[in-house]
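K.L.:
One structure is given below, represented as structure tokens, and several questions about it will come after.
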Amino acid sequence: MSHSLIERIDTVIVDLPTIRPHKLAMHTMQHQTLVIIRLHCADGIQGIGEATTIGGLAYGNESPESIKQNIDSHLAPLLVGQDAANVNAAMLRLDKAAKGNTFAKSGLESALLDAQGKRLGLPVSELLGGRVRDSLEVAWTLASGDTAKDIAEAEHMLDLRRHRIFKLKIGANPLEQDLRHVVAIKKALGDRASVRVDVNQGWDESQAIRGCRVLGDNGIDLIEQPIARINRSGQIRLNQRSPAPIMADESIESVEDAFSLAADGAASVFALKIAKNGGPRAVLRTAQIAEAAGIALYGGTMLEGSVGTLASAHAFVTLNKLTWATELFGPLLLTEEIVTEAPVYRDFQLEVPRTPGLGLTLDEERLAFFARK
Ligand code: MUC
Ligand code: MG
């Protein structure tokens, strides 16, 4: 009998404050909520994972509460008694019994990989085939909602040598106001920074035709999810006419979505997110579809804390080419940590640990303090 049988899976919801309000088209975050997963194995190994979304149900189909409930009631019972060392068989078992739920599955797959890495003494990146780099360039999102504040924040990040790529959250304000905001920030930063926007589906096609042209003509490097994910034909048209590249984010809710976007020619860049594909292994399947289709890659985030951020990072360091870098800054948006040693950000990069598993240890006291009662 295997010693690596799964004995128990615990989930806890953790609410952590953000350093400032973070304004997206669909929601303003005042805090972030993480679902932390602990997978206990018979050999004494504990794997940790995280399943995190943005703004309750404002962003995706799963909320922190539904993620916890679905793991506790449906997914964990399928895994208890199974061999934690066979990640493939465990994830196939979940996929066979449960549709969708990619956020919950991503947290569980991360925990299985963390456990197996600890068991074998290998970093998760090596379980995923091996890393081709040790660190990842990380963008910062300017989303205070105020142009002057955003410029000051960008200047501060450049001075610190922490970020030189900035993504601006737009789509909530009238189009012309948003365009003035972005162009003013690009003017202030000039060639010292790459400036991109994320519209989070906030425009209709008529607005996007003008928005993409003005932004492209004013030096904006990348336009993320300008229109609704369901408007596939509009995305195809925009991808053909926009002077700046179009990146798909919300349009990808599964590996199958990635395939059909690639087949339709609906984007020239994919935002890779472990939560939206079902885990670090699943997101690499989307990356492989993109690579085969000549679509460029960007390492995306659902603003996870340290656990989810490093689960993403271990997958992204295995990729040959990340043309548009990453946005794995989630832990830096939070005022508090629930791990003993926070991920290291230095010289515009996130360093990806070479220690076993994800390379993180939960701080049990901090976790208990911030856990939702
Ligand atoms: C998104 O839509 O990309 C990523 C960075 C950020 O500020 O928000 C997220 C979600
Ligand atoms: Mg986005």
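Just so we're on the same page: first chain in the structure tokens is A, next is B, and so on; residues restart at 1 for each chain, and ligands are numbered from 1 in the order they show up.
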Find the residues around A:Leu333 up to 10 Å (only C-alpha atoms counted), leave out those fewer than 3 positions away in its own chain, and share them as a PyMOL selection string.
P.N.:
chain A and resi 16-22+31-32+140-141+303-305+329-330+336
K.L.:
With only C-alpha atoms as the counted atoms, please give the residues lying no more than 8 Å from stretch 146-161 of chain A, apart from itself and same-chain residues fewer than 5 positions off, as a compact mmCIF listing (two decimals) with all heavy atoms, in the first residue's frame.
P.N.:
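Below is the file that was written, out_15.txt:
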# COMPACT_ATOMS: atom_id res chain seq x y z
N PHE A 166 3.81 48.70 -16.87
CA PHE A 166 2.61 49.11 -16.13
C PHE A 166 1.36 48.80 -16.92
O PHE A 166 1.26 49.09 -18.11
CB PHE A 166 2.68 50.61 -15.78
CG PHE A 166 3.87 50.93 -14.94
CD1 PHE A 166 5.01 51.52 -15.49
CD2 PHE A 166 3.90 50.58 -13.59
CE1 PHE A 166 6.13 51.78 -14.72
CE2 PHE A 166 5.02 50.83 -12.81
CZ PHE A 166 6.14 51.43 -13.37
N HIS A 181 -6.67 59.59 -19.63
CA HIS A 181 -5.94 59.06 -18.47
C HIS A 181 -4.72 58.24 -18.94
O HIS A 181 -3.59 58.45 -18.49
CB HIS A 181 -6.92 58.18 -17.67
CG HIS A 181 -6.34 57.35 -16.59
ND1 HIS A 181 -5.90 57.88 -15.39
CD2 HIS A 181 -6.12 56.00 -16.51
CE1 HIS A 181 -5.46 56.89 -14.62
NE2 HIS A 181 -5.58 55.74 -15.28
N ALA A 184 -2.04 60.36 -20.85
CA ALA A 184 -1.28 61.23 -19.92
C ALA A 184 -0.20 60.41 -19.19
O ALA A 184 0.94 60.87 -19.01
CB ALA A 184 -2.23 61.87 -18.90
N ILE A 185 -0.55 59.20 -18.79
CA ILE A 185 0.43 58.37 -18.07
C ILE A 185 1.56 57.96 -19.01
O ILE A 185 2.75 58.02 -18.65
CB ILE A 185 -0.27 57.15 -17.42
CG1 ILE A 185 -1.19 57.64 -16.30
CG2 ILE A 185 0.76 56.14 -16.90
CD1 ILE A 185 -2.03 56.57 -15.65
N ALA A 188 3.91 60.86 -19.49
CA ALA A 188 4.77 61.12 -18.32
C ALA A 188 5.91 60.10 -18.24
O ALA A 188 7.02 60.44 -17.83
CB ALA A 188 3.92 61.08 -17.05
N LEU A 189 5.66 58.86 -18.62
CA LEU A 189 6.67 57.80 -18.43
C LEU A 189 7.56 57.63 -19.66
O LEU A 189 8.70 57.16 -19.55
CB LEU A 189 5.99 56.47 -18.08
CG LEU A 189 5.13 56.50 -16.81
CD1 LEU A 189 4.46 55.16 -16.60
CD2 LEU A 189 5.97 56.87 -15.59
N ARG A 346 13.11 41.51 -6.98
CA ARG A 346 14.34 42.29 -7.04
C ARG A 346 14.67 42.59 -8.50
O ARG A 346 14.51 41.72 -9.35
CB ARG A 346 15.46 41.44 -6.42
CG ARG A 346 16.79 42.12 -6.30
CD ARG A 346 17.84 41.19 -5.72
NE ARG A 346 17.57 40.77 -4.37
CZ ARG A 346 17.82 39.53 -3.89
NH1 ARG A 346 18.31 38.61 -4.68
NH2 ARG A 346 17.57 39.22 -2.63
N ASP A 347 15.11 43.81 -8.76
CA ASP A 347 15.55 44.17 -10.11
C ASP A 347 14.51 43.83 -11.17
O ASP A 347 14.84 43.19 -12.17
CB ASP A 347 16.87 43.45 -10.44
CG ASP A 347 18.04 44.41 -10.31
OD1 ASP A 347 17.82 45.62 -10.48
OD2 ASP A 347 19.14 43.93 -10.04
N PHE A 348 13.28 44.22 -10.93
CA PHE A 348 12.15 44.04 -11.86
C PHE A 348 11.69 42.60 -11.99
O PHE A 348 10.84 42.30 -12.82
CB PHE A 348 12.51 44.60 -13.27
CG PHE A 348 13.02 46.00 -13.26
CD1 PHE A 348 14.35 46.29 -13.56
CD2 PHE A 348 12.16 47.05 -12.94
CE1 PHE A 348 14.81 47.60 -13.53
CE2 PHE A 348 12.61 48.36 -12.92
CZ PHE A 348 13.94 48.63 -13.22
K.L.:
Neighbouring residues of stretch 194-208 of chain A were defined as those with any atom within 7 Å, considering only C-alpha atoms; residues of the same chain fewer than 3 positions away were excluded. Please report them as a list in words.
P.N.:
Ala25, Arg164, Ile165, Phe166, Lys167, Leu168, Lys169, Ile170, Gly171, Ala172, Lys186, Gly211, Cys212, Ile220, Asp221, Leu222, Ile223, Glu224, Gln225, Pro226, Ile227, Ala228, Arg229 and Gly234 of chain A
K.L.:
When DSSP is applied to the backbone of this structure, which of stretch 209-303 of chain A are assigned helix (DSSP H, G or I)? Write them out as JSON, numbers by chain.
P.N.:
{"A": [209, 210, 211, 212, 213, 214, 215, 216, 217, 232, 233, 234, 235, 236, 237, 238, 239, 240, 241, 255, 256, 257, 258, 259, 260, 261, 262, 263, 264, 274, 275, 276, 277, 280, 281, 282, 283, 284, 285, 286, 287, 288, 289, 290, 291, 292, 293]}
K.L.:
A:Gly81: which residues within 12 Å, counting only C-alpha atoms, same-chain residues fewer than 3 positions away excluded, as number ranges by chain?
P.N.:
A: 1-9, 39-42, 76-78, 84-85, 90
K.L.:
Got time to write the residues from that selection, N, CA, C and O atoms, as an mmCIF file, in the first residue's frame?
P.N.:
data_model
loop_
_atom_site.group_PDB
_atom_site.id
_atom_site.type_symbol
_atom_site.label_atom_id
_atom_site.label_comp_id
_atom_site.auth_asym_id
_atom_site.auth_seq_id
_atom_site.Cartn_x
_atom_site.Cartn_y
_atom_site.Cartn_z
ATOM 1 N N MET A 1 0.843 -1.202 0.000
ATOM 2 C CA MET A 1 0.000 0.000 0.000
ATOM 3 C C MET A 1 0.878 1.253 0.000
ATOM 4 O O MET A 1 1.922 1.294 0.633
ATOM 5 N N SER A 2 0.418 2.221 -0.742
ATOM 6 C CA SER A 2 1.211 3.451 -0.865
ATOM 7 C C SER A 2 1.187 4.253 0.441
ATOM 8 O O SER A 2 0.169 4.329 1.133
ATOM 9 N N HIS A 3 2.339 4.865 0.746
ATOM 10 C CA HIS A 3 2.408 5.721 1.943
ATOM 11 C C HIS A 3 1.955 7.133 1.626
ATOM 12 O O HIS A 3 1.847 7.956 2.511
ATOM 13 N N SER A 4 1.754 7.395 0.352
ATOM 14 C CA SER A 4 1.417 8.770 -0.016
ATOM 15 C C SER A 4 -0.087 8.954 -0.231
ATOM 16 O O SER A 4 -0.506 9.829 -0.981
ATOM 17 N N LEU A 5 -0.892 8.118 0.427
ATOM 18 C CA LEU A 5 -2.348 8.283 0.289
ATOM 19 C C LEU A 5 -2.795 9.619 0.890
ATOM 20 O O LEU A 5 -2.256 10.082 1.893
ATOM 21 N N ILE A 6 -3.803 10.191 0.265
ATOM 22 C CA ILE A 6 -4.353 11.459 0.779
ATOM 23 C C ILE A 6 -5.285 11.126 1.946
ATOM 24 O O ILE A 6 -6.235 10.355 1.798
ATOM 25 N N GLU A 7 -4.977 11.717 3.110
ATOM 26 C CA GLU A 7 -5.787 11.422 4.311
ATOM 27 C C GLU A 7 -6.898 12.453 4.525
ATOM 28 O O GLU A 7 -7.987 12.125 4.953
ATOM 29 N N ARG A 8 -6.567 13.722 4.237
ATOM 30 C CA ARG A 8 -7.520 14.790 4.569
ATOM 31 C C ARG A 8 -7.177 16.036 3.749
ATOM 32 O O ARG A 8 -6.003 16.252 3.434
ATOM 33 N N ILE A 9 -8.186 16.817 3.405
ATOM 34 C CA ILE A 9 -7.931 18.104 2.725
ATOM 35 C C ILE A 9 -8.679 19.189 3.500
ATOM 36 O O ILE A 9 -9.891 19.098 3.693
ATOM 37 N N LEU A 39 -3.341 19.798 1.942
ATOM 38 C CA LEU A 39 -3.572 18.403 1.568
ATOM 39 C C LEU A 39 -2.644 17.534 2.429
ATOM 40 O O LEU A 39 -1.417 17.622 2.308
ATOM 41 N N HIS A 40 -3.254 16.765 3.330
ATOM 42 C CA HIS A 40 -2.458 15.967 4.282
ATOM 43 C C HIS A 40 -2.321 14.543 3.758
ATOM 44 O O HIS A 40 -3.321 13.903 3.431
ATOM 45 N N CYS A 41 -1.087 14.047 3.713
ATOM 46 C CA CYS A 41 -0.827 12.706 3.181
ATOM 47 C C CYS A 41 -0.366 11.767 4.304
ATOM 48 O O CYS A 41 0.183 12.221 5.313
ATOM 49 N N ALA A 42 -0.548 10.466 4.054
ATOM 50 C CA ALA A 42 -0.226 9.464 5.083
ATOM 51 C C ALA A 42 1.264 9.444 5.416
ATOM 52 O O ALA A 42 1.641 9.028 6.510
ATOM 53 N N ALA A 76 -12.827 17.231 -2.498
ATOM 54 C CA ALA A 76 -11.966 16.563 -1.495
ATOM 55 C C ALA A 76 -12.377 15.104 -1.282
ATOM 56 O O ALA A 76 -11.512 14.214 -1.268
ATOM 57 N N PRO A 77 -13.684 14.805 -1.146
ATOM 58 C CA PRO A 77 -14.061 13.388 -0.947
ATOM 59 C C PRO A 77 -13.613 12.491 -2.110
ATOM 60 O O PRO A 77 -13.372 11.300 -1.900
ATOM 61 N N LEU A 78 -13.486 13.062 -3.319
ATOM 62 C CA LEU A 78 -13.011 12.250 -4.449
ATOM 63 C C LEU A 78 -11.525 11.925 -4.330
ATOM 64 O O LEU A 78 -11.039 10.947 -4.898
ATOM 65 N N ALA A 84 -1.526 10.511 -3.562
ATOM 66 C CA ALA A 84 -1.137 11.902 -3.833
ATOM 67 C C ALA A 84 0.032 11.978 -4.809
ATOM 68 O O ALA A 84 0.246 13.010 -5.446
ATOM 69 N N ALA A 85 0.798 10.885 -4.911
ATOM 70 C CA ALA A 85 1.995 10.911 -5.768
ATOM 71 C C ALA A 85 1.632 10.819 -7.249
ATOM 72 O O ALA A 85 2.465 11.112 -8.099
ATOM 73 N N ALA A 90 -5.063 11.715 -10.085
ATOM 74 C CA ALA A 90 -5.909 12.495 -9.164
ATOM 75 C C ALA A 90 -6.699 13.554 -9.934
ATOM 76 O O ALA A 90 -7.910 13.709 -9.731
#
K.L.:
List the spatial neighbours of A:Ser125 as a VMD selection string - criterion: any atom at most 9 Å away, only C-alpha atoms, same-chain residues fewer than 5 positions off excluded.
P.N.:
chain A and resid 117 130 to 131 311 313 to 318 352 354 357 to 358
K.L.:
Between A:Gly49, A:Gly300, A:Gly308, A:Pro353, which is the closest to ligand 2 once you count only C-alpha atoms and all ligand atoms?
P.N.:
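Of the candidates, the smallest distance to ligand 2 is held by A:Gly300.
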